[in-house]
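Okay, query-v7.cif is below, mmCIF, C-alpha atoms and all ligand atoms:
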data_model
#
loop_
_atom_site.label_atom_id
_atom_site.label_comp_id
_atom_site.auth_asym_id
_atom_site.auth_seq_id
_atom_site.Cartn_x
_atom_site.Cartn_y
_atom_site.Cartn_z
CA MET R 29 3.68 -8.46 -3.49
CA ILE R 30 3.62 -5.10 -5.18
CA LEU R 31 0.52 -4.37 -7.27
CA GLY R 32 1.05 -2.23 -10.35
CA SER R 33 3.01 -2.04 -13.56
CA GLY R 34 4.80 1.29 -13.71
CA GLY R 35 8.15 2.87 -13.00
CA ARG R 36 6.96 3.58 -9.48
CA GLU R 37 6.43 -0.11 -8.81
CA HIS R 38 9.81 -1.01 -10.32
CA ALA R 39 11.52 1.54 -8.03
CA ILE R 40 9.67 0.25 -4.96
CA ALA R 41 10.58 -3.33 -5.94
CA VAL R 42 14.30 -2.56 -6.23
CA ASN R 43 14.27 -1.02 -2.75
CA LEU R 44 12.18 -3.72 -1.04
CA SER R 45 14.23 -6.52 -2.60
CA SER R 46 17.34 -5.04 -0.91
CA SER R 47 15.89 -5.74 2.55
CA PRO R 48 17.19 -8.76 4.46
CA LEU R 49 13.56 -9.39 5.46
CA CYS R 50 12.49 -9.94 1.86
CA GLU R 51 12.38 -13.68 1.22
CA GLU R 52 10.46 -13.51 -2.00
CA LEU R 53 9.00 -10.69 -4.03
CA TRP R 54 6.31 -10.51 -6.71
CA VAL R 55 5.24 -7.60 -8.85
CA SER R 56 1.81 -8.02 -10.41
CA PRO R 57 1.21 -7.47 -13.26
CA GLY R 58 4.61 -5.74 -13.56
CA ASN R 59 6.50 -4.91 -16.74
CA ALA R 60 9.61 -6.05 -18.62
CA GLY R 61 11.85 -4.51 -15.93
CA THR R 62 10.20 -6.44 -13.10
CA ARG R 63 10.09 -9.74 -15.01
CA HIS R 64 12.50 -11.18 -12.51
CA TRP R 65 9.75 -10.80 -9.86
CA ALA R 66 6.82 -11.73 -12.09
CA ALA R 67 3.85 -13.24 -10.25
CA LYS R 68 3.31 -15.98 -12.80
CA ASP R 69 -0.35 -16.74 -13.48
CA CYS R 70 -1.48 -14.38 -10.74
CA PRO R 71 -5.02 -13.24 -11.60
CA ASP R 72 -5.82 -9.55 -11.83
CA TRP R 73 -6.84 -7.94 -8.50
CA ARG R 74 -10.31 -7.29 -9.97
CA ASP R 75 -10.86 -11.05 -10.07
CA PHE R 76 -10.80 -10.97 -6.30
CA GLY R 77 -11.60 -14.58 -5.40
CA ALA R 78 -8.95 -15.99 -7.73
CA TRP R 79 -6.42 -13.36 -6.71
CA SER R 80 -6.98 -14.11 -3.02
CA GLN R 81 -6.48 -17.84 -3.69
CA TRP R 82 -3.16 -17.17 -5.46
CA VAL R 83 -1.95 -14.98 -2.61
CA ARG R 84 -2.78 -17.68 -0.08
CA ASP R 85 -1.19 -20.43 -2.18
CA HIS R 86 2.02 -18.40 -2.33
CA HIS R 87 2.02 -17.40 1.34
CA VAL R 88 2.22 -13.70 0.61
CA ASP R 89 2.63 -11.70 3.87
CA LEU R 90 2.37 -8.17 2.57
CA VAL R 91 0.72 -6.43 -0.37
CA VAL R 92 1.86 -2.93 -1.32
CA ILE R 93 -0.59 -1.20 -3.64
CA GLY R 94 1.10 1.06 -6.19
CA PRO R 95 -1.63 2.88 -8.17
CA GLU R 96 -4.83 4.59 -7.02
CA ASP R 97 -7.27 2.46 -8.97
CA PRO R 98 -7.55 -0.51 -6.60
CA LEU R 99 -7.65 1.87 -3.61
CA VAL R 100 -10.45 4.01 -4.99
CA HIS R 101 -12.36 0.87 -5.97
CA GLY R 102 -12.33 -0.60 -2.47
CA PHE R 103 -9.78 -3.36 -2.96
CA VAL R 104 -8.38 -2.86 0.55
CA ASP R 105 -11.88 -3.17 2.02
CA GLN R 106 -12.29 -6.44 0.13
CA CYS R 107 -9.02 -7.78 1.53
CA LYS R 108 -10.01 -6.78 5.07
CA ALA R 109 -13.41 -8.39 4.73
CA ASP R 110 -12.00 -11.73 3.56
CA PRO R 111 -11.53 -13.99 6.62
CA LEU R 112 -9.16 -16.17 4.59
CA LEU R 113 -6.81 -13.17 4.30
CA ALA R 114 -6.81 -12.36 8.02
CA ASP R 115 -3.00 -12.65 8.20
CA LEU R 116 -2.29 -10.57 5.13
CA ALA R 117 -0.91 -7.06 5.74
CA VAL R 118 -2.07 -4.60 3.08
CA LEU R 119 -0.48 -1.20 2.60
CA GLY R 120 -2.97 1.29 1.24
CA PRO R 121 -6.00 3.14 2.59
CA ASP R 122 -9.52 1.76 2.41
CA GLN R 123 -12.12 3.23 0.10
CA ALA R 124 -13.15 5.91 2.59
CA GLY R 125 -9.52 7.09 2.88
CA ALA R 126 -9.02 6.91 -0.87
CA ARG R 127 -11.73 9.53 -1.37
CA LEU R 128 -9.03 12.09 -0.61
CA GLU R 129 -7.80 11.35 -4.14
CA GLY R 130 -10.93 9.97 -5.76
CA SER R 131 -13.01 13.12 -5.26
CA LYS R 132 -11.51 16.60 -5.38
CA ASP R 133 -14.81 17.97 -4.09
CA PHE R 134 -14.58 15.70 -1.04
CA SER R 135 -10.93 16.56 -0.39
CA LYS R 136 -11.59 20.30 -0.71
CA ALA R 137 -14.43 20.07 1.82
CA PHE R 138 -12.19 17.95 4.07
CA MET R 139 -9.44 20.60 4.00
CA ASN R 140 -11.94 23.33 4.76
CA ARG R 141 -13.36 21.34 7.70
CA TYR R 142 -9.93 21.01 9.31
CA GLY R 143 -8.45 24.40 8.45
CA ILE R 144 -5.84 23.01 6.09
CA PRO R 145 -4.49 25.73 3.79
CA THR R 146 -5.65 25.30 0.18
CA ALA R 147 -6.93 27.39 -2.74
CA LEU R 148 -10.48 28.72 -2.44
CA ALA R 149 -12.91 26.78 -4.61
CA ARG R 150 -16.56 26.26 -5.52
CA THR R 151 -18.03 23.19 -7.12
CA PHE R 152 -20.69 23.16 -9.83
CA ASP R 153 -22.51 20.21 -11.31
CA SER R 154 -23.22 19.83 -15.04
CA SER R 155 -26.89 20.69 -14.35
CA GLU R 156 -25.80 24.11 -13.02
CA ARG R 157 -24.26 25.54 -16.17
CA SER R 158 -26.01 28.93 -15.99
CA LEU R 159 -25.08 29.38 -12.33
CA ALA R 160 -21.51 28.41 -13.19
CA GLU R 161 -21.36 30.92 -16.04
CA ALA R 162 -22.67 33.66 -13.77
CA TYR R 163 -20.00 32.71 -11.25
CA LEU R 164 -17.35 33.20 -13.94
CA ASP R 165 -18.33 36.89 -14.02
CA SER R 166 -17.33 37.29 -10.39
CA VAL R 167 -13.88 35.65 -10.39
CA THR R 168 -10.40 36.79 -11.34
CA PHE R 169 -8.33 34.97 -13.95
CA PRO R 170 -6.40 32.79 -14.33
CA LEU R 171 -8.89 30.35 -12.89
CA VAL R 172 -8.32 26.64 -12.44
CA LEU R 173 -11.06 24.21 -13.48
CA LYS R 174 -10.81 20.65 -12.20
CA ALA R 175 -12.79 17.50 -12.80
CA ASP R 176 -13.99 16.17 -9.45
CA GLY R 177 -13.09 12.52 -10.16
CA LEU R 178 -10.07 10.60 -11.39
CA ALA R 179 -8.76 11.75 -14.76
CA ALA R 180 -5.20 10.36 -14.86
CA GLY R 181 -3.73 13.77 -14.05
CA LYS R 182 -5.36 15.32 -17.11
CA GLY R 183 -8.57 16.74 -15.66
CA VAL R 184 -7.14 20.12 -14.66
CA VAL R 185 -7.32 23.18 -16.94
CA ILE R 186 -5.70 26.49 -16.10
CA CYS R 187 -7.84 29.13 -17.81
CA PRO R 188 -6.23 32.52 -18.53
CA SER R 189 -9.60 34.08 -19.38
CA ARG R 190 -13.34 33.56 -19.39
CA ALA R 191 -13.25 32.29 -22.98
CA GLU R 192 -10.91 29.44 -22.08
CA ALA R 193 -13.04 28.63 -19.05
CA MET R 194 -16.10 28.34 -21.29
CA GLU R 195 -14.18 26.03 -23.62
CA ALA R 196 -13.08 23.89 -20.68
CA LEU R 197 -16.66 23.64 -19.47
CA ASP R 198 -17.66 22.37 -22.91
CA MET R 199 -14.96 19.74 -22.66
CA PHE R 200 -16.24 18.62 -19.25
CA TRP R 201 -19.97 18.95 -19.82
CA VAL R 202 -20.68 18.81 -23.55
CA GLN R 203 -17.99 16.50 -24.91
CA SER R 204 -17.87 14.63 -21.55
CA ARG R 205 -14.17 14.01 -22.08
CA PHE R 206 -13.78 12.55 -18.58
CA GLY R 207 -17.18 10.87 -18.38
CA ASN R 208 -18.64 10.89 -14.89
CA SER R 209 -15.36 12.12 -13.40
CA GLY R 210 -16.07 15.52 -14.97
CA SER R 211 -19.74 15.92 -14.16
CA LYS R 212 -18.81 17.95 -11.07
CA VAL R 213 -16.21 20.64 -11.68
CA LEU R 214 -14.23 22.66 -9.14
CA PHE R 215 -13.67 26.33 -9.92
CA GLU R 216 -10.50 27.09 -8.06
CA GLU R 217 -8.40 30.14 -7.27
CA PHE R 218 -5.01 30.11 -9.03
CA LEU R 219 -2.06 29.86 -6.66
CA ASN R 220 1.16 31.47 -7.76
CA GLY R 221 4.17 29.69 -6.35
CA ILE R 222 6.48 26.74 -6.71
CA GLU R 223 5.24 23.15 -6.50
CA CYS R 224 6.57 20.13 -4.67
CA SER R 225 5.41 16.68 -3.63
CA VAL R 226 5.56 15.66 0.01
CA PHE R 227 5.15 11.99 0.97
CA VAL R 228 4.37 10.48 4.33
CA LEU R 229 3.95 6.90 5.39
CA CYS R 230 1.03 6.47 7.83
CA ASP R 231 0.12 3.59 10.15
CA GLY R 232 -3.30 4.95 11.06
CA THR R 233 -2.00 7.11 13.89
CA ASN R 234 1.61 8.07 13.28
CA THR R 235 3.42 9.33 10.23
CA VAL R 236 6.97 9.43 9.01
CA MET R 237 8.08 11.83 6.32
CA LEU R 238 9.80 10.44 3.22
CA PRO R 239 12.13 12.52 1.06
CA VAL R 240 10.44 15.45 -0.69
CA ALA R 241 10.46 15.72 -4.50
CA LYS R 242 9.62 18.03 -7.37
CA ASP R 243 7.76 16.68 -10.37
CA TYR R 244 7.75 18.13 -13.91
CA LYS R 245 4.22 17.73 -15.20
CA LYS R 246 4.23 19.47 -18.58
CA VAL R 247 5.24 17.50 -21.63
CA GLY R 248 7.46 20.18 -23.19
CA HIS R 249 10.72 21.92 -22.40
CA GLY R 250 10.38 24.98 -20.18
CA ASP R 251 7.08 23.65 -18.77
CA THR R 252 5.09 24.02 -21.95
CA GLY R 253 2.35 21.94 -23.57
CA PRO R 254 -0.24 19.67 -21.99
CA ASN R 255 -0.01 18.04 -18.57
CA THR R 256 1.26 14.49 -18.29
CA GLY R 257 1.60 11.99 -15.46
CA GLY R 258 5.08 13.46 -14.92
CA MET R 259 8.15 13.85 -17.16
CA GLY R 260 10.85 13.83 -14.51
CA ALA R 261 11.58 14.50 -10.86
CA VAL R 262 14.23 15.76 -8.47
CA SER R 263 14.68 14.89 -4.79
CA PRO R 264 15.22 16.95 -2.73
CA PRO R 265 14.39 20.23 -4.47
CA PRO R 266 16.63 22.76 -2.68
CA PHE R 267 13.78 25.22 -2.06
CA ALA R 268 11.99 22.73 0.22
CA ASP R 269 14.19 23.52 3.21
CA ASP R 270 13.79 22.29 6.80
CA HIS R 271 11.83 25.34 7.86
CA PHE R 272 9.32 24.83 5.05
CA LEU R 273 8.99 21.11 5.76
CA GLN R 274 8.34 21.87 9.40
CA ARG R 275 5.51 24.19 8.33
CA VAL R 276 4.17 21.37 6.15
CA GLU R 277 4.22 19.00 9.09
CA GLU R 278 2.46 21.45 11.42
CA ARG R 279 -0.03 23.08 9.07
CA ILE R 280 -0.84 20.11 6.81
CA ILE R 281 0.30 16.64 7.84
CA ARG R 282 -0.83 16.75 11.47
CA PRO R 283 -4.25 18.29 10.81
CA THR R 284 -4.79 15.86 7.92
CA LEU R 285 -4.17 12.82 10.10
CA ALA R 286 -6.24 14.31 12.92
CA GLY R 287 -9.07 14.96 10.44
CA LEU R 288 -8.94 11.42 9.09
CA LYS R 289 -9.11 10.06 12.61
CA GLN R 290 -12.00 12.36 13.45
CA GLU R 291 -13.89 10.97 10.45
CA GLY R 292 -13.26 7.41 11.54
CA ILE R 293 -10.77 6.68 8.76
CA GLU R 294 -7.80 4.58 9.76
CA TYR R 295 -5.32 5.56 7.10
CA ARG R 296 -2.53 3.05 6.54
CA GLY R 297 -0.44 3.78 3.51
CA PHE R 298 1.40 6.43 1.59
CA LEU R 299 -0.10 9.87 1.60
CA PHE R 300 1.12 12.16 -1.15
CA VAL R 301 0.47 15.86 -0.67
CA GLY R 302 0.88 18.01 -3.77
CA LEU R 303 1.84 21.44 -2.46
CA MET R 304 2.30 24.94 -3.72
CA LYS R 305 4.87 26.99 -1.82
CA VAL R 306 3.44 30.50 -1.90
CA GLY R 307 5.97 32.83 -0.26
CA HIS R 308 7.11 30.64 2.63
CA GLU R 309 3.76 28.97 3.21
CA PRO R 310 2.50 25.62 1.93
CA TYR R 311 -0.95 25.25 0.33
CA VAL R 312 -2.42 21.89 -0.66
CA ILE R 313 -3.09 21.50 -4.39
CA GLU R 314 -4.22 17.91 -4.07
CA TYR R 315 -3.96 14.74 -2.06
CA ASN R 316 -3.06 11.42 -3.60
CA VAL R 317 -3.35 8.20 -1.65
CA ARG R 318 -0.27 6.49 -3.07
CA MET R 319 3.30 7.27 -4.06
CA GLY R 320 3.88 9.58 -7.02
CA ASP R 321 5.15 8.44 -10.37
CA PRO R 322 7.89 9.51 -11.30
CA GLU R 323 8.54 10.83 -7.77
CA ALA R 324 8.95 7.27 -6.43
CA GLN R 325 11.82 6.86 -8.90
CA VAL R 326 13.77 9.55 -7.00
CA VAL R 327 12.40 8.92 -3.50
CA PHE R 328 12.93 5.15 -3.23
CA PRO R 329 16.55 5.14 -4.45
CA ARG R 330 17.28 7.51 -1.52
CA LEU R 331 15.64 5.20 1.03
CA GLY R 332 17.50 2.44 2.83
CA PRO R 333 16.98 -1.31 3.15
CA ASP R 334 14.99 -0.63 6.36
CA MET R 335 12.04 0.61 4.29
CA LEU R 336 10.42 -2.82 4.03
CA GLU R 337 10.18 -3.05 7.80
CA TRP R 338 8.61 0.43 8.01
CA ILE R 339 6.12 -0.47 5.32
CA TYR R 340 5.22 -3.81 6.86
CA ARG R 341 4.73 -2.27 10.29
CA ALA R 342 2.70 0.60 8.85
CA ALA R 343 0.41 -1.89 7.14
CA GLN R 344 -0.01 -3.66 10.50
CA GLY R 345 -0.83 -0.39 12.27
CA HIS R 346 2.30 0.11 14.36
CA MET R 347 5.35 1.76 12.91
CA PRO R 348 8.57 1.83 14.89
CA ASN R 349 9.73 5.11 16.41
CA GLY R 350 12.73 6.85 15.00
CA ALA R 351 13.84 8.13 11.66
CA LEU R 352 14.21 6.59 8.24
CA LEU R 353 17.60 5.98 6.69
CA VAL R 354 17.85 8.56 3.93
CA ASP R 355 20.68 9.00 1.44
CA SER R 356 21.58 12.71 1.52
CA ARG R 357 22.53 12.81 -2.15
CA TYR R 358 20.36 14.29 -4.88
CA ALA R 359 18.36 11.99 -7.10
CA VAL R 360 17.16 13.05 -10.53
CA THR R 361 15.00 11.08 -12.93
CA THR R 362 14.16 11.73 -16.57
CA VAL R 363 11.20 9.98 -18.15
CA VAL R 364 11.60 8.66 -21.68
CA CYS R 365 8.24 8.67 -23.49
CA SER R 366 6.67 7.28 -26.63
CA ASP R 367 6.07 9.51 -29.62
CA GLY R 368 2.58 10.99 -29.32
CA TYR R 369 2.43 10.98 -25.51
CA PRO R 370 0.33 12.22 -23.73
CA SER R 371 -2.54 12.04 -26.23
CA GLU R 372 -1.81 9.03 -28.46
CA PRO R 373 1.42 7.21 -27.68
CA LYS R 374 2.75 5.02 -30.51
CA THR R 375 3.80 1.70 -29.09
CA GLY R 376 5.19 -1.68 -30.11
CA PHE R 377 8.75 -0.68 -31.09
CA ILE R 378 11.76 -2.76 -30.12
CA MET R 379 13.85 -1.00 -27.49
CA LEU R 380 17.44 -0.84 -26.35
CA TRP R 381 18.53 0.70 -23.07
CA PRO R 382 21.51 0.67 -20.68
CA ASN R 383 20.87 -2.71 -19.10
CA GLU R 384 23.59 -2.32 -16.48
CA PRO R 385 23.66 1.42 -15.93
CA GLY R 386 26.24 1.25 -13.12
CA GLU R 387 26.29 2.11 -9.46
CA ASP R 388 23.80 4.72 -8.26
CA ARG R 389 22.06 4.73 -11.61
CA TYR R 390 18.82 3.05 -12.50
CA CYS R 391 16.68 2.43 -15.54
CA PHE R 392 13.22 1.94 -14.07
CA HIS R 393 10.83 0.38 -16.56
CA ALA R 394 7.32 1.79 -16.95
CA GLY R 395 5.49 1.04 -20.22
CA THR R 396 7.62 -1.87 -21.39
CA THR R 397 6.73 -5.44 -22.22
CA TRP R 398 8.33 -8.59 -23.60
CA ARG R 399 7.25 -9.61 -27.05
CA ASP R 400 8.89 -12.73 -28.45
CA ASP R 401 12.54 -12.20 -27.57
CA HIS R 402 12.45 -8.43 -27.46
CA VAL R 403 11.35 -5.68 -25.18
CA VAL R 404 8.95 -3.20 -26.77
CA ASN R 405 7.46 0.08 -25.55
CA SER R 406 3.87 -0.49 -24.49
CA GLY R 407 2.75 2.76 -22.90
CA GLY R 408 3.15 6.54 -22.91
CA ARG R 409 5.84 6.74 -20.28
CA VAL R 410 8.37 4.03 -21.03
CA MET R 411 11.41 4.33 -18.79
CA ALA R 412 12.63 6.57 -15.96
CA THR R 413 16.39 7.01 -15.80
CA THR R 414 17.57 7.93 -12.31
CA ALA R 415 21.00 9.05 -11.15
CA LEU R 416 22.22 9.92 -7.65
CA HIS R 417 25.01 12.34 -6.87
CA THR R 418 26.15 14.71 -4.12
CA ASP R 419 26.20 17.42 -6.77
CA LEU R 420 22.81 18.25 -8.24
CA HIS R 421 24.36 19.33 -11.51
CA GLN R 422 26.05 15.94 -11.92
CA ALA R 423 22.88 14.05 -11.03
CA VAL R 424 20.99 16.06 -13.66
CA GLN R 425 23.62 15.32 -16.31
CA GLU R 426 23.85 11.61 -15.56
CA SER R 427 20.10 11.13 -15.57
CA ARG R 428 19.94 12.88 -18.95
CA ASN R 429 22.83 10.85 -20.36
CA LEU R 430 21.07 7.65 -19.40
CA ALA R 431 17.85 8.89 -20.99
CA SER R 432 19.68 9.61 -24.24
CA ALA R 433 20.84 5.99 -24.32
CA VAL R 434 17.26 4.65 -24.27
CA ASP R 435 16.54 3.91 -27.87
CA PHE R 436 13.31 3.10 -29.71
CA GLU R 437 11.45 4.69 -32.58
CA GLY R 438 9.96 8.02 -31.56
CA ALA R 439 11.49 8.09 -28.05
CA PHE R 440 11.63 11.55 -26.50
CA TYR R 441 12.34 13.10 -23.12
CA ARG R 442 12.68 16.53 -21.54
CA SER R 443 16.32 17.54 -21.46
CA ASP R 444 15.71 20.33 -18.95
CA ILE R 445 14.65 18.33 -15.87
CA GLY R 446 16.28 19.95 -12.84
CA ASP R 447 17.74 22.93 -14.73
CA ASP R 448 15.48 25.39 -12.90
CA LEU R 449 16.95 24.20 -9.58
CA LEU R 450 20.61 24.73 -10.53
CA LEU R 451 22.23 27.92 -9.34
P1 LIG W 501 -3.84 18.38 -9.81
O1 LIG W 501 -4.34 17.26 -10.68
O2 LIG W 501 -4.86 18.91 -8.85
O3 LIG W 501 -2.53 18.06 -9.18
O4 LIG W 501 -3.47 19.58 -10.80
C1 LIG W 501 -2.56 19.39 -11.84
C2 LIG W 501 -1.63 20.57 -11.92
O5 LIG W 501 -2.35 21.78 -12.16
C3 LIG W 501 -0.89 20.84 -10.63
O6 LIG W 501 0.24 20.06 -10.52
C4 LIG W 501 -0.57 22.31 -10.75
O7 LIG W 501 0.57 22.51 -11.56
C5 LIG W 501 -1.75 22.85 -11.47
N1 LIG W 501 -2.70 23.40 -10.49
C6 LIG W 501 -3.72 22.73 -9.90
N2 LIG W 501 -4.40 23.53 -9.06
C7 LIG W 501 -3.80 24.74 -9.11
C8 LIG W 501 -4.05 26.00 -8.48
N3 LIG W 501 -5.06 26.19 -7.63
N4 LIG W 501 -3.24 27.03 -8.78
C9 LIG W 501 -2.23 26.89 -9.65
N5 LIG W 501 -1.94 25.73 -10.30
C10 LIG W 501 -2.72 24.67 -10.03
N1 LIG W 502 3.57 12.57 -10.63
C1 LIG W 502 2.33 12.89 -10.08
C2 LIG W 502 1.50 11.74 -9.70
O1 LIG W 502 1.95 10.64 -9.54
O2 LIG W 502 0.31 11.95 -9.54
#
Could I get this file's structure written as structure tokens?
Ligand code: AMP
Ligand code: GLY
Amino acid sequence: MILGSGGREHAIAVNLSSSPLCEELWVSPGNAGTRHWAAKDCPDWRDFGAWSQWVRDHHVDLVVIGPEDPLVHGFVDQCKADPLLADLAVLGPDQAGARLEGSKDFSKAFMNRYGIPTALARTFDSSERSLAEAYLDSVTFPLVLKADGLAAGKGVVICPSRAEAMEALDMFWVQSRFGNSGSKVLFEEFLNGIECSVFVLCDGTNTVMLPVAKDYKKVGHGDTGPNTGGMGAVSPPPFADDHFLQRVEERIIRPTLAGLKQEGIEYRGFLFVGLMKVGHEPYVIEYNVRMGDPEAQVVFPRLGPDMLEWIYRAAQGHMPNGALLVDSRYAVTTVVCSDGYPSEPKTGFIMLWPNEPGEDRYCFHAGTTWRDDHVVNSGGRVMATTALHTDLHQAVQESRNLASAVDFEGAFYRSDIGDDLLL
């Protein structure tokens, strides 16, 4: 069973269903694209007792948790503590591990404890406004202000000057835009470089690296406008070469796992490291305790049918040795969004899309739902159109062509995903 309802979960489902080991698959709650695998009448994970009963009734062997919410809220701990679920393998860290994503203050302190390269930062609480303002006199701009807690990727403000920093502080502390998540704020040094997303699968002790990806976070062409959950992705971005990935492994992945172990955290799940490549060196921007979205929509199509076995074994605490099967081609995805995204997406419009996009092309559903006999858009990010090709230029074009064929009122997408990576 895959928990979640986005494009990430659709992409994971398509891969896992290709495994000969997969007898039956459910996606809960899923979307219109995963209807085929709908877990009918499965209660929400928050209704734990009823959910656990459903899982037992349906003899589910493995649960893969897509989004961060259940992880941060201790869902894995609940599963582990339930003697009736003793045979269930669950992929995702427990609540202690999920703090790497759930609290930026915690993860910054963690990185500092284990010498993991990251931007310098100080944290202030809403009760320390005058101290924080005095601190602003001692820093250089741009400065990055970040809500400590979860804010759906929107709690980060890059401030070109003191005036913008003061405005951002008002947003966090006066308007309380992010509620409790913004009561502590990190004041962080700005890193100038190029970003990428590195993913590893962990079984508590060992890790295996998945394909690397680049995400496009800004809503507008040429990286303009507000941040979103992600408007598109490319895997692999050519600048993340073997030498760089080796540095990532040595300087970041190994010390992170060693640190988790040291703190008594047995981390089983996907670890997503958001990195800035500054010169040739990687710096951690953030940890997430799950796969990225839309990165999963370029990473999973490049993974083989062996992935289910890796995931199952990781959830049980013993991954096999060896390497993953990875398709060497480029994968590019373009996210088609609802008018108004990211602030106020307009939803409920009937959609058309390329239902059978052809070999090596995918239309991964995100915010879609069935209403009567139609599929309608039901969220900000609606569909991720992925294409694979040996030639990056072709992959970019085909992903974009597919995106242009997704049709509903107000649909828009970035038609420059991947352009910066073309020679
Ligand atoms: P986060 O939610 O921490 O991933 O931050 C969202 C985005 O803000 C990142 O993807 C970066 O583009 C940008 N960002 C965050 N921290 C920094 C930093 N220290 N320097 C430069 N850009 C940053
Ligand atoms: N695309 C970035 C994320 O999933 O957080």
So that I can see what lies close to range 237-247 of chain R, please list as an NGL selection string the residues with an atom at most 8 Å from it, counting only C-alpha atoms and leaving out residues fewer than 4 positions away in the same chain. :R and (223-229 or 251-265 or 268 or 322-323 or 326-327 or 330 or 352 or 354 or 370 or 442 or 445)
Each range 103-151 of chain R residue no farther than 10 Å from range 303-306 of chain R, nearest pair in Å, all atoms listed in the file, as a Markdown table:
| residue | atom | partner | partner_atom | distance |
| --- | --- | --- | --- | --- |
| R:Pro145 | CA | R:Leu303 | CA | 9.9 |
| R:Thr146 | CA | R:Leu303 | CA | 8.8 |
| R:Ala147 | CA | R:Met304 | CA | 9.6 |
For the residues selected in the previous step, produce a file with C-alpha atoms as a PDB file, keeping the file's coordinate frame.
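Wrote out_12.pdb, looks like this:
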ATOM      1  CA  PRO R 145      -4.490  25.730   3.790  1.00  0.00           C
ATOM      2  CA  THR R 146      -5.650  25.300   0.180  1.00  0.00           C
ATOM      3  CA  ALA R 147      -6.930  27.390  -2.740  1.00  0.00           C
TER       4      ALA R 147
END
As a ChimeraX atom specification, please: the residues near Lys212 in chain R (cut-off 10 Å, all atoms listed in the file, same-chain neighbours under 3 positions excluded). /R:131-133,151-156,174-177,200-201,208-209,215
Interface rows for range 295-371 of chain R against range 377-393 of chain R: nearest pair, Å to one decimal, 12 Å, only C-alpha atoms, as a Markdown table:
| residue | atom | partner | partner_atom | distance |
| --- | --- | --- | --- | --- |
| R:Asp321 | CA | R:Phe392 | CA | 11.0 |
| R:Pro322 | CA | R:Phe392 | CA | 9.7 |
| R:Glu323 | CA | R:Phe392 | CA | 11.9 |
| R:Ala324 | CA | R:Phe392 | CA | 10.2 |
| R:Gln325 | CA | R:Phe392 | CA | 7.3 |
| R:Val326 | CA | R:Tyr390 | CA | 9.9 |
| R:Phe328 | CA | R:Tyr390 | CA | 11.2 |
| R:Pro329 | CA | R:Asp388 | CA | 8.2 |
| R:Arg330 | CA | R:Asp388 | CA | 9.8 |
| R:Asp355 | CA | R:Asp388 | CA | 11.1 |
| R:Arg357 | CA | R:Asp388 | CA | 10.2 |
| R:Tyr358 | CA | R:Asp388 | CA | 10.7 |
| R:Ala359 | CA | R:Asp388 | CA | 9.2 |
| R:Val360 | CA | R:Arg389 | CA | 9.7 |
| R:Thr361 | CA | R:Tyr390 | CA | 8.9 |
| R:Thr362 | CA | R:Cys391 | CA | 9.7 |
| R:Val363 | CA | R:Phe392 | CA | 9.2 |
| R:Val364 | CA | R:His393 | CA | 9.8 |
| R:Cys365 | CA | R:His393 | CA | 11.1 |
| R:Ser366 | CA | R:Phe377 | CA | 9.4 |
| R:Asp367 | CA | R:Phe377 | CA | 10.6 |
Please find the residues contacting ligand LIG 501 (chain W) at a distance of at most 7 Å between atoms, with only C-alpha atoms and all ligand atoms counted, and report them as a ChimeraX atom specification. /R:147,172,181-184,186,216-220,223,245,302,313-314
Near His346 in chain R, within 10 Å and counting all atoms listed in the file, which residues show up once chain neighbours fewer than 3 positions away are dropped, as a VMD selection string? chain R and resid 230 to 234 296 338 to 343 349
Which residue, R:Tyr315, R:Tyr163, R:Tyr369, R:Phe436, has the smallest gap to ligand LIG 502 (chain W) when you use all atoms listed in the file?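 Closest candidate: R:Tyr315.
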Any idea what's packed within 12 Å of Leu336 in chain R, counting all atoms listed in the file, ignoring anything in its chain fewer than 2 positions away? Could you give it as a compact mmCIF listing (two decimals) with C-alpha atoms, in the coordinates of the input?
# COMPACT_ATOMS: atom_id res chain seq x y z
CA MET R 29 3.68 -8.46 -3.49
CA ILE R 30 3.62 -5.10 -5.18
CA ILE R 40 9.67 0.25 -4.96
CA ALA R 41 10.58 -3.33 -5.94
CA VAL R 42 14.30 -2.56 -6.23
CA ASN R 43 14.27 -1.02 -2.75
CA LEU R 44 12.18 -3.72 -1.04
CA SER R 45 14.23 -6.52 -2.60
CA SER R 46 17.34 -5.04 -0.91
CA SER R 47 15.89 -5.74 2.55
CA PRO R 48 17.19 -8.76 4.46
CA LEU R 49 13.56 -9.39 5.46
CA CYS R 50 12.49 -9.94 1.86
CA GLU R 51 12.38 -13.68 1.22
CA LEU R 53 9.00 -10.69 -4.03
CA ASP R 89 2.63 -11.70 3.87
CA LEU R 90 2.37 -8.17 2.57
CA VAL R 91 0.72 -6.43 -0.37
CA VAL R 92 1.86 -2.93 -1.32
CA LEU R 119 -0.48 -1.20 2.60
CA LEU R 229 3.95 6.90 5.39
CA PHE R 328 12.93 5.15 -3.23
CA LEU R 331 15.64 5.20 1.03
CA GLY R 332 17.50 2.44 2.83
CA PRO R 333 16.98 -1.31 3.15
CA ASP R 334 14.99 -0.63 6.36
CA TRP R 338 8.61 0.43 8.01
CA ILE R 339 6.12 -0.47 5.32
CA TYR R 340 5.22 -3.81 6.86
CA ARG R 341 4.73 -2.27 10.29
CA ALA R 342 2.70 0.60 8.85
CA ALA R 343 0.41 -1.89 7.14
CA MET R 347 5.35 1.76 12.91
CA PRO R 348 8.57 1.83 14.89
CA LEU R 352 14.21 6.59 8.24
CA LEU R 353 17.60 5.98 6.69
